[in-house]
file work30.json (JSON, C-alpha atoms and all ligand atoms)
[["chain", "number", "residue", "atom", "x", "y", "z"],
["P", 1, "MET", "CA", 87.30, 73.08, 101.38],
["P", 2, "GLY", "CA", 87.41, 76.78, 102.26],
["P", 3, "PHE", "CA", 87.32, 79.40, 99.51],
["P", 4, "LEU", "CA", 90.82, 80.65, 100.46],
["P", 5, "ALA", "CA", 92.45, 77.20, 100.51],
["P", 6, "GLY", "CA", 96.07, 77.40, 99.36],
["P", 7, "LYS", "CA", 96.25, 81.21, 99.73],
["P", 8, "ARG", "CA", 98.92, 82.95, 101.82],
["P", 9, "ALA", "CA", 97.77, 86.15, 103.51],
["P", 10, "LEU", "CA", 99.85, 88.83, 105.23],
["P", 11, "ILE", "CA", 97.82, 90.61, 107.93],
["P", 12, "THR", "CA", 98.86, 94.00, 109.34],
["P", 13, "GLY", "CA", 97.07, 95.90, 112.11],
["P", 14, "VAL", "CA", 96.29, 93.33, 114.80],
["P", 15, "ALA", "CA", 96.57, 95.06, 118.17],
["P", 16, "SER", "CA", 93.92, 93.22, 120.19],
["P", 17, "ASP", "CA", 91.13, 90.67, 119.83],
["P", 18, "ARG", "CA", 88.83, 93.60, 118.99],
["P", 19, "SER", "CA", 90.93, 94.69, 116.00],
["P", 20, "ILE", "CA", 89.24, 94.59, 112.61],
["P", 21, "ALA", "CA", 92.41, 92.85, 111.36],
["P", 22, "TRP", "CA", 91.74, 90.05, 113.86],
["P", 23, "GLY", "CA", 88.19, 89.55, 112.51],
["P", 24, "ILE", "CA", 89.71, 89.38, 109.02],
["P", 25, "ALA", "CA", 92.44, 86.94, 110.11],
["P", 26, "GLN", "CA", 89.92, 84.61, 111.74],
["P", 27, "ALA", "CA", 87.64, 84.60, 108.67],
["P", 28, "MET", "CA", 90.57, 84.00, 106.31],
["P", 29, "ALA", "CA", 91.95, 81.18, 108.49],
["P", 30, "ARG", "CA", 88.49, 79.58, 108.62],
["P", 31, "GLU", "CA", 88.37, 79.64, 104.80],
["P", 32, "GLY", "CA", 91.69, 77.81, 104.57],
["P", 33, "ALA", "CA", 94.29, 80.59, 104.16],
["P", 34, "SER", "CA", 97.76, 80.38, 105.73],
["P", 35, "LEU", "CA", 98.53, 83.59, 107.61],
["P", 36, "ALA", "CA", 101.49, 85.79, 108.51],
["P", 37, "PHE", "CA", 101.12, 88.73, 110.90],
["P", 38, "THR", "CA", 102.91, 91.98, 111.56],
["P", 39, "TYR", "CA", 102.89, 93.94, 114.81],
["P", 40, "GLN", "CA", 103.72, 97.58, 115.41],
["P", 41, "THR", "CA", 105.63, 97.44, 118.70],
["P", 42, "GLU", "CA", 107.44, 94.84, 120.80],
["P", 43, "ARG", "CA", 104.80, 95.44, 123.49],
["P", 44, "LEU", "CA", 102.20, 94.07, 121.04],
["P", 45, "GLY", "CA", 104.49, 91.31, 119.72],
["P", 46, "GLU", "CA", 103.79, 88.75, 122.42],
["P", 47, "ARG", "CA", 100.01, 89.14, 122.19],
["P", 48, "VAL", "CA", 100.03, 88.96, 118.40],
["P", 49, "ARG", "CA", 102.25, 85.86, 118.51],
["P", 50, "GLU", "CA", 99.71, 84.11, 120.77],
["P", 51, "MET", "CA", 96.80, 85.16, 118.54],
["P", 52, "ALA", "CA", 98.68, 84.04, 115.41],
["P", 53, "ALA", "CA", 99.20, 80.63, 117.02],
["P", 54, "GLU", "CA", 95.40, 80.34, 117.42],
["P", 55, "THR", "CA", 95.13, 80.54, 113.62],
["P", 56, "GLY", "CA", 97.94, 78.01, 113.16],
["P", 57, "SER", "CA", 100.44, 80.71, 112.14],
["P", 58, "SER", "CA", 104.01, 80.97, 113.42],
["P", 59, "ILE", "CA", 104.99, 83.95, 111.25],
["P", 60, "CYS", "CA", 104.99, 87.23, 113.19],
["P", 61, "LEU", "CA", 107.15, 90.10, 112.04],
["P", 62, "PRO", "CA", 107.74, 93.59, 113.43],
["P", 63, "LEU", "CA", 106.58, 96.46, 111.21],
["P", 64, "ASP", "CA", 106.23, 100.17, 111.82],
["P", 65, "VAL", "CA", 104.86, 101.44, 108.50],
["P", 66, "ALA", "CA", 106.43, 104.86, 109.10],
["P", 67, "SER", "CA", 109.75, 103.39, 107.90],
["P", 68, "ASP", "CA", 110.48, 102.23, 104.32],
["P", 69, "ASP", "CA", 113.47, 100.34, 105.75],
["P", 70, "GLU", "CA", 111.24, 98.39, 108.13],
["P", 71, "ILE", "CA", 108.85, 97.58, 105.29],
["P", 72, "ARG", "CA", 111.77, 96.25, 103.20],
["P", 73, "ARG", "CA", 113.13, 94.24, 106.13],
["P", 74, "MET", "CA", 109.67, 92.79, 106.85],
["P", 75, "TYR", "CA", 109.38, 91.55, 103.25],
["P", 76, "ASP", "CA", 112.94, 90.12, 103.37],
["P", 77, "ALA", "CA", 112.00, 88.19, 106.51],
["P", 78, "LEU", "CA", 108.69, 87.08, 104.95],
["P", 79, "ALA", "CA", 110.48, 85.90, 101.78],
["P", 80, "ALA", "CA", 112.59, 83.59, 103.98],
["P", 81, "ARG", "CA", 109.37, 81.76, 104.93],
["P", 82, "TRP", "CA", 107.16, 82.17, 101.87],
["P", 83, "THR", "CA", 108.06, 82.15, 98.16],
["P", 84, "SER", "CA", 105.02, 84.30, 97.30],
["P", 85, "VAL", "CA", 102.07, 86.15, 98.83],
["P", 86, "ASP", "CA", 98.44, 86.05, 97.63],
["P", 87, "VAL", "CA", 96.77, 88.52, 100.00],
["P", 88, "ILE", "CA", 97.94, 91.66, 101.82],
["P", 89, "VAL", "CA", 95.62, 93.25, 104.37],
["P", 90, "HIS", "CA", 96.38, 96.85, 105.39],
["P", 91, "SER", "CA", 94.48, 97.66, 108.59],
["P", 92, "VAL", "CA", 96.48, 100.57, 109.93],
["P", 93, "ALA", "CA", 95.58, 104.20, 110.63],
["P", 94, "PHE", "CA", 96.95, 106.91, 112.86],
["P", 95, "ALA", "CA", 96.66, 110.62, 113.49],
["P", 96, "PRO", "CA", 98.04, 112.35, 116.61],
["P", 97, "ARG", "CA", 95.35, 112.27, 119.28],
["P", 98, "ASP", "CA", 94.95, 116.09, 119.32],
["P", 99, "GLN", "CA", 93.85, 115.96, 115.65],
["P", 100, "LEU", "CA", 90.70, 113.96, 116.43],
["P", 101, "ALA", "CA", 88.70, 116.33, 118.61],
["P", 102, "GLY", "CA", 86.81, 119.56, 118.20],
["P", 103, "SER", "CA", 86.94, 122.02, 115.34],
["P", 104, "TYR", "CA", 88.66, 120.71, 112.18],
["P", 105, "LEU", "CA", 90.32, 124.00, 111.34],
["P", 106, "GLU", "CA", 91.45, 124.64, 114.92],
["P", 107, "SER", "CA", 92.89, 121.16, 115.44],
["P", 108, "VAL", "CA", 94.48, 120.49, 112.06],
["P", 109, "THR", "CA", 98.21, 121.23, 111.80],
["P", 110, "ARG", "CA", 100.76, 120.78, 109.01],
["P", 111, "GLU", "CA", 102.47, 118.06, 111.07],
["P", 112, "GLY", "CA", 99.21, 116.32, 112.05],
["P", 113, "PHE", "CA", 98.08, 116.34, 108.41],
["P", 114, "GLN", "CA", 101.40, 114.89, 107.26],
["P", 115, "ILE", "CA", 101.46, 112.10, 109.87],
["P", 116, "ALA", "CA", 97.81, 111.12, 109.24],
["P", 117, "HIS", "CA", 98.42, 110.86, 105.49],
["P", 118, "ASP", "CA", 101.77, 109.09, 105.89],
["P", 119, "ILE", "CA", 100.62, 106.36, 108.30],
["P", 120, "SER", "CA", 97.03, 105.98, 107.06],
["P", 121, "SER", "CA", 97.39, 106.34, 103.28],
["P", 122, "TYR", "CA", 100.97, 106.34, 101.94],
["P", 123, "SER", "CA", 101.69, 103.18, 103.92],
["P", 124, "PHE", "CA", 99.23, 101.21, 101.76],
["P", 125, "ALA", "CA", 101.06, 102.21, 98.57],
["P", 126, "ALA", "CA", 104.38, 101.48, 100.30],
["P", 127, "LEU", "CA", 103.26, 97.95, 101.23],
["P", 128, "ALA", "CA", 102.49, 97.35, 97.55],
["P", 129, "LYS", "CA", 105.62, 99.11, 96.28],
["P", 130, "TYR", "CA", 108.06, 97.02, 98.37],
["P", 131, "GLY", "CA", 106.03, 93.80, 98.29],
["P", 132, "ARG", "CA", 104.97, 93.61, 94.65],
["P", 133, "HIS", "CA", 107.85, 91.30, 93.66],
["P", 134, "LEU", "CA", 106.35, 88.68, 96.03],
["P", 135, "LEU", "CA", 102.76, 88.96, 94.78],
["P", 136, "SER", "CA", 101.31, 85.93, 93.01],
["P", 137, "PRO", "CA", 99.45, 86.29, 89.67],
["P", 138, "ALA", "CA", 96.02, 85.94, 91.34],
["P", 139, "SER", "CA", 96.45, 88.13, 94.39],
["P", 140, "ALA", "CA", 94.51, 90.78, 96.27],
["P", 141, "LEU", "CA", 95.33, 93.81, 98.38],
["P", 142, "LEU", "CA", 92.79, 95.15, 100.85],
["P", 143, "THR", "CA", 92.62, 98.25, 103.05],
["P", 144, "LEU", "CA", 90.14, 99.55, 105.63],
["P", 145, "THR", "CA", 88.49, 102.93, 105.22],
["P", 146, "TYR", "CA", 85.64, 104.91, 106.78],
["P", 147, "LEU", "CA", 82.69, 107.06, 105.70],
["P", 148, "GLY", "CA", 84.64, 110.13, 106.88],
["P", 149, "ALA", "CA", 86.48, 109.89, 103.54],
["P", 150, "VAL", "CA", 83.38, 111.09, 101.71],
["P", 151, "ARG", "CA", 81.32, 112.91, 104.38],
["P", 152, "ALA", "CA", 82.43, 115.54, 106.91],
["P", 153, "ILE", "CA", 81.92, 113.62, 110.16],
["P", 154, "PRO", "CA", 82.37, 115.54, 113.44],
["P", 155, "ASN", "CA", 85.75, 114.97, 115.16],
["P", 156, "TYR", "CA", 87.07, 112.63, 112.44],
["P", 157, "ASN", "CA", 88.79, 115.76, 111.16],
["P", 158, "VAL", "CA", 92.09, 115.22, 109.32],
["P", 159, "MET", "CA", 91.46, 111.45, 109.15],
["P", 160, "GLY", "CA", 88.77, 112.36, 106.59],
["P", 161, "PRO", "CA", 91.23, 113.77, 104.04],
["P", 162, "ALA", "CA", 93.63, 110.91, 104.89],
["P", 163, "LYS", "CA", 90.95, 108.27, 104.14],
["P", 164, "ALA", "CA", 89.96, 110.12, 100.94],
["P", 165, "SER", "CA", 93.62, 109.86, 99.91],
["P", 166, "LEU", "CA", 93.64, 106.16, 100.85],
["P", 167, "GLU", "CA", 90.58, 105.55, 98.65],
["P", 168, "ALA", "CA", 92.30, 107.30, 95.73],
["P", 169, "ASN", "CA", 95.30, 105.05, 96.39],
["P", 170, "VAL", "CA", 92.99, 102.03, 95.98],
["P", 171, "ARG", "CA", 92.01, 103.25, 92.48],
["P", 172, "PHE", "CA", 95.55, 104.13, 91.33],
["P", 173, "MET", "CA", 96.97, 100.86, 92.66],
["P", 174, "ALA", "CA", 94.14, 98.85, 91.08],
["P", 175, "ALA", "CA", 94.76, 100.54, 87.71],
["P", 176, "GLU", "CA", 98.47, 99.79, 87.80],
["P", 177, "LEU", "CA", 98.51, 96.27, 89.27],
["P", 178, "GLY", "CA", 95.52, 94.79, 87.43],
["P", 179, "ALA", "CA", 97.61, 93.64, 84.47],
["P", 180, "ALA", "CA", 99.76, 91.60, 86.86],
["P", 181, "GLY", "CA", 96.67, 89.83, 88.22],
["P", 182, "VAL", "CA", 96.61, 91.88, 91.41],
["P", 183, "ARG", "CA", 93.27, 93.28, 92.61],
["P", 184, "VAL", "CA", 93.07, 96.20, 95.05],
["P", 185, "ASN", "CA", 89.98, 97.04, 97.10],
["P", 186, "GLY", "CA", 88.86, 98.80, 100.25],
["P", 187, "ILE", "CA", 86.20, 98.04, 102.84],
["P", 188, "SER", "CA", 84.46, 101.05, 104.36],
["P", 189, "ALA", "CA", 83.41, 99.70, 107.75],
["P", 190, "GLY", "CA", 80.80, 101.16, 110.06],
["P", 191, "PRO", "CA", 81.99, 102.23, 113.53],
["P", 192, "ILE", "CA", 83.29, 99.45, 115.79],
["P", 193, "LYS", "CA", 84.62, 99.78, 119.33],
["P", 194, "THR", "CA", 88.29, 98.83, 118.80],
["P", 195, "LEU", "CA", 91.44, 100.25, 120.43],
["P", 196, "ALA", "CA", 91.50, 102.89, 117.69],
["P", 197, "ALA", "CA", 88.09, 104.05, 118.92],
["P", 198, "ALA", "CA", 88.90, 103.88, 122.63],
["P", 199, "GLY", "CA", 88.97, 107.25, 124.28],
["P", 200, "ILE", "CA", 87.44, 109.08, 121.34],
["P", 201, "GLY", "CA", 84.99, 111.45, 122.98],
["P", 202, "GLY", "CA", 81.34, 110.45, 122.52],
["P", 203, "PHE", "CA", 82.11, 107.17, 120.70],
["P", 204, "ARG", "CA", 79.55, 105.21, 122.72],
["P", 205, "SER", "CA", 76.71, 107.61, 121.97],
["P", 206, "MET", "CA", 77.79, 107.69, 118.33],
["P", 207, "LEU", "CA", 77.52, 103.87, 118.23],
["P", 208, "GLN", "CA", 73.99, 104.12, 119.69],
["P", 209, "HIS", "CA", 72.96, 106.77, 117.18],
["P", 210, "VAL", "CA", 74.37, 104.84, 114.23],
["P", 211, "ALA", "CA", 72.77, 101.52, 115.27],
["P", 212, "ASN", "CA", 69.36, 103.21, 115.41],
["P", 213, "ALA", "CA", 69.83, 104.94, 112.05],
["P", 214, "THR", "CA", 71.12, 101.81, 110.27],
["P", 215, "PRO", "CA", 68.81, 99.63, 108.11],
["P", 216, "ILE", "CA", 69.92, 96.42, 109.87],
["P", 217, "ARG", "CA", 69.32, 98.18, 113.27],
["P", 218, "ARG", "CA", 72.67, 97.21, 114.75],
["P", 219, "ASN", "CA", 76.33, 98.09, 114.42],
["P", 220, "VAL", "CA", 78.57, 95.89, 112.31],
["P", 221, "THR", "CA", 81.06, 93.52, 113.94],
["P", 222, "ILE", "CA", 84.61, 92.46, 113.15],
["P", 223, "GLU", "CA", 83.05, 89.16, 112.02],
["P", 224, "ASP", "CA", 80.89, 91.01, 109.46],
["P", 225, "VAL", "CA", 83.96, 92.85, 108.15],
["P", 226, "GLY", "CA", 86.10, 89.68, 108.26],
["P", 227, "ASN", "CA", 83.66, 87.73, 106.11],
["P", 228, "ALA", "CA", 83.44, 90.50, 103.48],
["P", 229, "ALA", "CA", 87.25, 90.81, 103.52],
["P", 230, "ALA", "CA", 87.73, 87.06, 103.01],
["P", 231, "PHE", "CA", 85.35, 87.19, 100.02],
["P", 232, "LEU", "CA", 87.02, 90.26, 98.44],
["P", 233, "CYS", "CA", 90.47, 88.67, 98.73],
["P", 234, "SER", "CA", 89.31, 85.33, 97.30],
["P", 235, "ASP", "CA", 88.95, 84.23, 93.67],
["P", 236, "LEU", "CA", 85.16, 84.53, 94.18],
["P", 237, "ALA", "CA", 85.76, 88.29, 93.75],
["P", 238, "ALA", "CA", 87.96, 87.91, 90.64],
["P", 239, "GLY", "CA", 85.86, 90.55, 88.85],
["P", 240, "ILE", "CA", 86.13, 93.20, 91.56],
["P", 241, "THR", "CA", 88.96, 95.74, 91.77],
["P", 242, "GLY", "CA", 89.33, 99.45, 92.52],
["P", 243, "GLU", "CA", 86.18, 99.15, 94.63],
["P", 244, "ILE", "CA", 85.18, 100.49, 98.04],
["P", 245, "LEU", "CA", 82.71, 98.01, 99.56],
["P", 246, "TYR", "CA", 80.55, 99.46, 102.34],
["P", 247, "VAL", "CA", 80.20, 97.04, 105.25],
["P", 248, "ASP", "CA", 78.12, 99.37, 107.36],
["P", 249, "GLY", "CA", 74.70, 97.74, 107.61],
["P", 250, "GLY", "CA", 73.42, 100.20, 105.00],
["P", 251, "TYR", "CA", 73.99, 103.33, 107.13],
["P", 252, "SER", "CA", 75.55, 105.29, 104.26],
["P", 253, "GLN", "CA", 72.63, 104.49, 101.94],
["P", 254, "VAL", "CA", 69.77, 106.07, 103.92],
["P", 255, "GLY", "CA", 68.76, 109.52, 105.04],
["P", 256, "MET", "CA", 66.17, 110.96, 107.44],
["P", 257, "SER", "CA", 66.21, 107.67, 109.30],
["P", 258, "LEU", "CA", 64.21, 107.82, 112.55],
["X", 301, "LIG", "P1", 93.02, 98.90, 116.03],
["X", 301, "LIG", "O1", 93.54, 99.90, 117.01],
["X", 301, "LIG", "O2", 92.71, 97.56, 116.53],
["X", 301, "LIG", "O3", 94.01, 98.78, 114.79],
["X", 301, "LIG", "C1", 94.78, 99.87, 114.32],
["X", 301, "LIG", "C2", 96.14, 99.30, 114.02],
["X", 301, "LIG", "O4", 96.98, 100.28, 113.44],
["X", 301, "LIG", "C3", 96.85, 98.79, 115.29],
["X", 301, "LIG", "O5", 97.16, 97.43, 115.13],
["X", 301, "LIG", "C4", 98.12, 99.62, 115.32],
["X", 301, "LIG", "O6", 99.22, 98.90, 115.83],
["X", 301, "LIG", "C5", 98.28, 99.94, 113.85],
["X", 301, "LIG", "N1", 99.20, 101.05, 113.60],
["X", 301, "LIG", "C6", 99.06, 102.37, 113.90],
["X", 301, "LIG", "N2", 100.16, 103.05, 113.54],
["X", 301, "LIG", "C7", 101.02, 102.14, 112.99],
["X", 301, "LIG", "C8", 102.33, 102.21, 112.44],
["X", 301, "LIG", "N3", 103.02, 103.36, 112.39],
["X", 301, "LIG", "N4", 102.89, 101.08, 111.93],
["X", 301, "LIG", "C9", 102.23, 99.90, 112.00],
["X", 301, "LIG", "N5", 100.99, 99.77, 112.50],
["X", 301, "LIG", "C10", 100.40, 100.88, 113.01],
["X", 301, "LIG", "O7", 91.73, 99.59, 115.37],
["X", 301, "LIG", "P2", 90.83, 99.17, 114.12],
["X", 301, "LIG", "O8", 89.56, 99.90, 114.33],
["X", 301, "LIG", "O9", 90.84, 97.71, 113.95],
["X", 301, "LIG", "O10", 91.57, 99.88, 112.89],
["X", 301, "LIG", "C11", 91.97, 99.18, 111.73],
["X", 301, "LIG", "C12", 91.60, 99.96, 110.48],
["X", 301, "LIG", "O11", 90.18, 100.00, 110.37],
["X", 301, "LIG", "C13", 92.08, 101.40, 110.44],
["X", 301, "LIG", "O12", 92.50, 101.71, 109.13],
["X", 301, "LIG", "C14", 90.82, 102.17, 110.76],
["X", 301, "LIG", "O13", 90.84, 103.47, 110.22],
["X", 301, "LIG", "C15", 89.81, 101.30, 110.05],
["X", 301, "LIG", "N6", 88.40, 101.54, 110.43],
["X", 301, "LIG", "C16", 88.04, 101.45, 111.74],
["X", 301, "LIG", "C17", 86.70, 101.65, 112.09],
["X", 301, "LIG", "C18", 86.25, 101.62, 113.53],
["X", 301, "LIG", "O14", 85.21, 102.20, 113.84],
["X", 301, "LIG", "N7", 86.97, 100.95, 114.43],
["X", 301, "LIG", "C19", 85.74, 101.93, 111.08],
["X", 301, "LIG", "C20", 86.17, 101.99, 109.75],
["X", 301, "LIG", "C21", 87.50, 101.78, 109.44],
["X", 302, "LIG", "O1", 89.77, 105.44, 111.53],
["X", 302, "LIG", "C1", 89.31, 105.43, 112.65],
["X", 302, "LIG", "C2", 90.17, 105.84, 113.83],
["X", 302, "LIG", "C3", 91.60, 105.95, 113.45],
["X", 302, "LIG", "C4", 92.48, 106.56, 114.52],
["X", 302, "LIG", "C5", 92.29, 106.37, 115.88],
["X", 302, "LIG", "C6", 93.16, 106.95, 116.79],
["X", 302, "LIG", "C7", 92.97, 106.85, 118.28],
["X", 302, "LIG", "C8", 94.31, 106.92, 118.99],
["X", 302, "LIG", "C9", 93.54, 107.32, 114.09],
["X", 302, "LIG", "N1", 94.40, 107.90, 114.97],
["X", 302, "LIG", "C10", 94.23, 107.70, 116.29],
["X", 302, "LIG", "N2", 95.13, 108.30, 117.14],
["X", 302, "LIG", "C11", 95.17, 108.01, 118.47],
["X", 302, "LIG", "O2", 95.98, 108.60, 119.21],
["X", 302, "LIG", "N3", 87.99, 105.12, 112.82],
["X", 302, "LIG", "C12", 87.18, 104.92, 111.65],
["X", 302, "LIG", "C13", 87.32, 105.02, 114.14],
["X", 302, "LIG", "C14", 86.72, 106.34, 114.43],
["X", 302, "LIG", "O3", 87.45, 107.34, 114.94],
["X", 302, "LIG", "C15", 86.63, 108.44, 115.05],
["X", 302, "LIG", "C16", 85.35, 108.12, 114.59],
["X", 302, "LIG", "C17", 85.41, 106.77, 114.17],
["X", 302, "LIG", "C18", 84.30, 105.98, 113.59],
["X", 302, "LIG", "C19", 86.91, 109.73, 115.50],
["X", 302, "LIG", "C20", 85.90, 110.68, 115.51],
["X", 302, "LIG", "C21", 84.64, 110.37, 115.03],
["X", 302, "LIG", "C22", 84.33, 109.08, 114.57]]

call {"tool": "encode", "arguments": {"input": "work30.json", "output": "structure tokens", "more": "lines below"}}
Ligand code: NAD
Ligand code: 0WE
result
Amino acid sequence: MGFLAGKRALITGVASDRSIAWGIAQAMAREGASLAFTYQTERLGERVREMAAETGSSICLPLDVASDDEIRRMYDALAARWTSVDVIVHSVAFAPRDQLAGSYLESVTREGFQIAHDISSYSFAALAKYGRHLLSPASALLTLTYLGAVRAIPNYNVMGPAKASLEANVRFMAAELGAAGVRVNGISAGPIKTLAAAGIGGFRSMLQHVANATPIRRNVTIEDVGNAAAFLCSDLAAGITGEILYVDGGYSQVGMSL
């Protein structure tokens, strides 16, 4: 029997079969969880519905996290299928494209800062705020973050402050929800070529550099992240909350690597 048998998990952020959320969904399904998915746009809906079916799921709901109304409606629709939820995976980030290139101070704008923080950080708190009435007494929330939260990484720019805010959200949410049996954690993943990385200048050479500088001498995969996510959201991790777990092959732990 899988270590997530009997758990119901809501998965946001699947956009393609390269999405980190898809690696997480596959690992959770393998460990026995029942899944529900959300998709951002109707264009993505059909693909996500097909992928959901591969995991045995028929629950696919539209959700743009920019709207509190849509979040409420998504939970209303979910509550019509499920009486409670054990796992919520937040795998969503966005900053306007022009924010992610060149000089931080030249590219950052008030609007770009606001959008990055709204979609990439506030949305995690909002998912908990409007979904907490459905959470079971042994449940887990999980988000995806990146090293740019704690180091100034070229071109990541305003996403750095947004991920730092997201990581603070993990701690505040863990502090508040712990008494209700709800754990809240983040996974800080190493770079992976997903849609969110497509078209980011120099991403391929960054992947090369990172693989060479990483103790395990390769980049991490969505399977690596999926397995860690399944563990963190299972009762095997009952003692872990408020944590950021680095799934980066050790990259963040070394220096002067040749
Ligand atoms: P992805 O493009 O596959 O997933 C990003 C998802 O965000 C998409 O499904 C997209 O639909 C969704 N999204 C964006 N704006 C949204 C909105 N307003 N409402 C609802 N959904 C919205 O890319 P990914 O790399 O799998 O990204 C998932 C998470 O992993 C993000 O939080 C990202 O910051 C994080 N992360 C990625 C990497 C990497 O190198 N790929 C590394 C560390 C962390
Ligand atoms: O969090 C991310 C990327 C998030 C992201 C991606 C996009 C591309 C499309 C946010 N907003 C947008 N907006 C778009 O229009 N990562 C961790 C992946 C990533 O992005 C980088 C990285 C890494 C790693 C950007 C610069 C440097 C490194």

call {"tool": "atom_distance", "arguments": {"input": "work30.json", "atom1": "atom CA of P:Ala33", "atom2": "atom CA of P:Leu4"}}
result
5.1 Å

call {"tool": "residues_near_ligand", "arguments": {"input": "work30.json", "ligand": "ligand LIG 301 (chain X)", "cutoff": "6 Å", "atoms": "all atoms listed in the file", "output": "ChimeraX atom specification"}}
result
/P:13-16,19-21,40,63-66,91-94,119,144-146,188-197

call {"tool": "residues_around", "arguments": {"input": "work30.json", "residues": "P:Glu31", "least_positions_apart": "6", "cutoff": "9 Å", "atoms": "all atoms listed in the file", "output": "compact mmCIF listing (two decimals) with C-alpha atoms, in the frame of the given file"}}
result
# COMPACT_ATOMS: atom_id res chain seq x y z
CA MET P 1 87.30 73.08 101.38
CA GLY P 2 87.41 76.78 102.26
CA PHE P 3 87.32 79.40 99.51
CA LEU P 4 90.82 80.65 100.46
CA ALA P 5 92.45 77.20 100.51
CA ALA P 230 87.73 87.06 103.01

call {"tool": "residues_around", "arguments": {"input": "work30.json", "residues": "P:Leu35", "least_positions_apart": "5", "cutoff": "12 Å", "atoms": "all atoms listed in the file", "output": "PyMOL selection string"}}
result
chain P and resi 4-12+21-22+24-30+49+51-61+78+81-82+85-89

call {"tool": "residues_around", "arguments": {"input": "work30.json", "residues": "stretch 162-169 of chain P", "least_positions_apart": "5", "cutoff": "7 Å", "atoms": "only C-alpha atoms", "output": "list in words"}}
result
Ala116, His117, Ser120, Ser121, Ala125, Thr145, Tyr146, Ala149 and Val150 of chain P

call {"tool": "write_last_selection", "arguments": {"input": "work30.json", "atoms": "C-alpha atoms", "output": "PDB file, keeping the file's coordinate frame"}}
result
ATOM      1  CA  ALA P 116      97.810 111.120 109.240  1.00  0.00           C
ATOM      2  CA  HIS P 117      98.420 110.860 105.490  1.00  0.00           C
ATOM      3  CA  SER P 120      97.030 105.980 107.060  1.00  0.00           C
ATOM      4  CA  SER P 121      97.390 106.340 103.280  1.00  0.00           C
ATOM      5  CA  ALA P 125     101.060 102.210  98.570  1.00  0.00           C
ATOM      6  CA  THR P 145      88.490 102.930 105.220  1.00  0.00           C
ATOM      7  CA  TYR P 146      85.640 104.910 106.780  1.00  0.00           C
ATOM      8  CA  ALA P 149      86.480 109.890 103.540  1.00  0.00           C
ATOM      9  CA  VAL P 150      83.380 111.090 101.710  1.00  0.00           C
TER      10      VAL P 150
END

call {"tool": "axis_aligned_box", "arguments": {"input": "work30.json", "around": "ligand LIG 302 (chain X)", "padding_each_side": "5 Å", "output": "JSON"}}
result
{"center_x": 90.1, "center_y": 107.8, "center_z": 115.4, "size_x": 21.7, "size_y": 15.8, "size_z": 17.7}

call {"tool": "atom_distance", "arguments": {"input": "work30.json", "atom1": "atom CA of P:Gly160", "atom2": "atom CA of P:Gly249"}}
result
20.3 Å

call {"tool": "closest_residue", "arguments": {"input": "work30.json", "among": "P:Val170, P:Ala140, P:Ala198, P:Ala180", "to": "ligand LIG 302 (chain X)", "atoms": "all atoms listed in the file"}}
result
P:Ala198

call {"tool": "atom_distance", "arguments": {"input": "work30.json", "atom1": "atom CA of P:Gly131", "atom2": "atom CA of P:Tyr75"}}
result
6.4 Å

call {"tool": "closest_residue", "arguments": {"input": "work30.json", "among": "P:Ala36, P:Leu245, P:Ile216, P:Ala128", "to": "P:Asp68", "atoms": "all atoms listed in the file"}}
result
P:Ala128
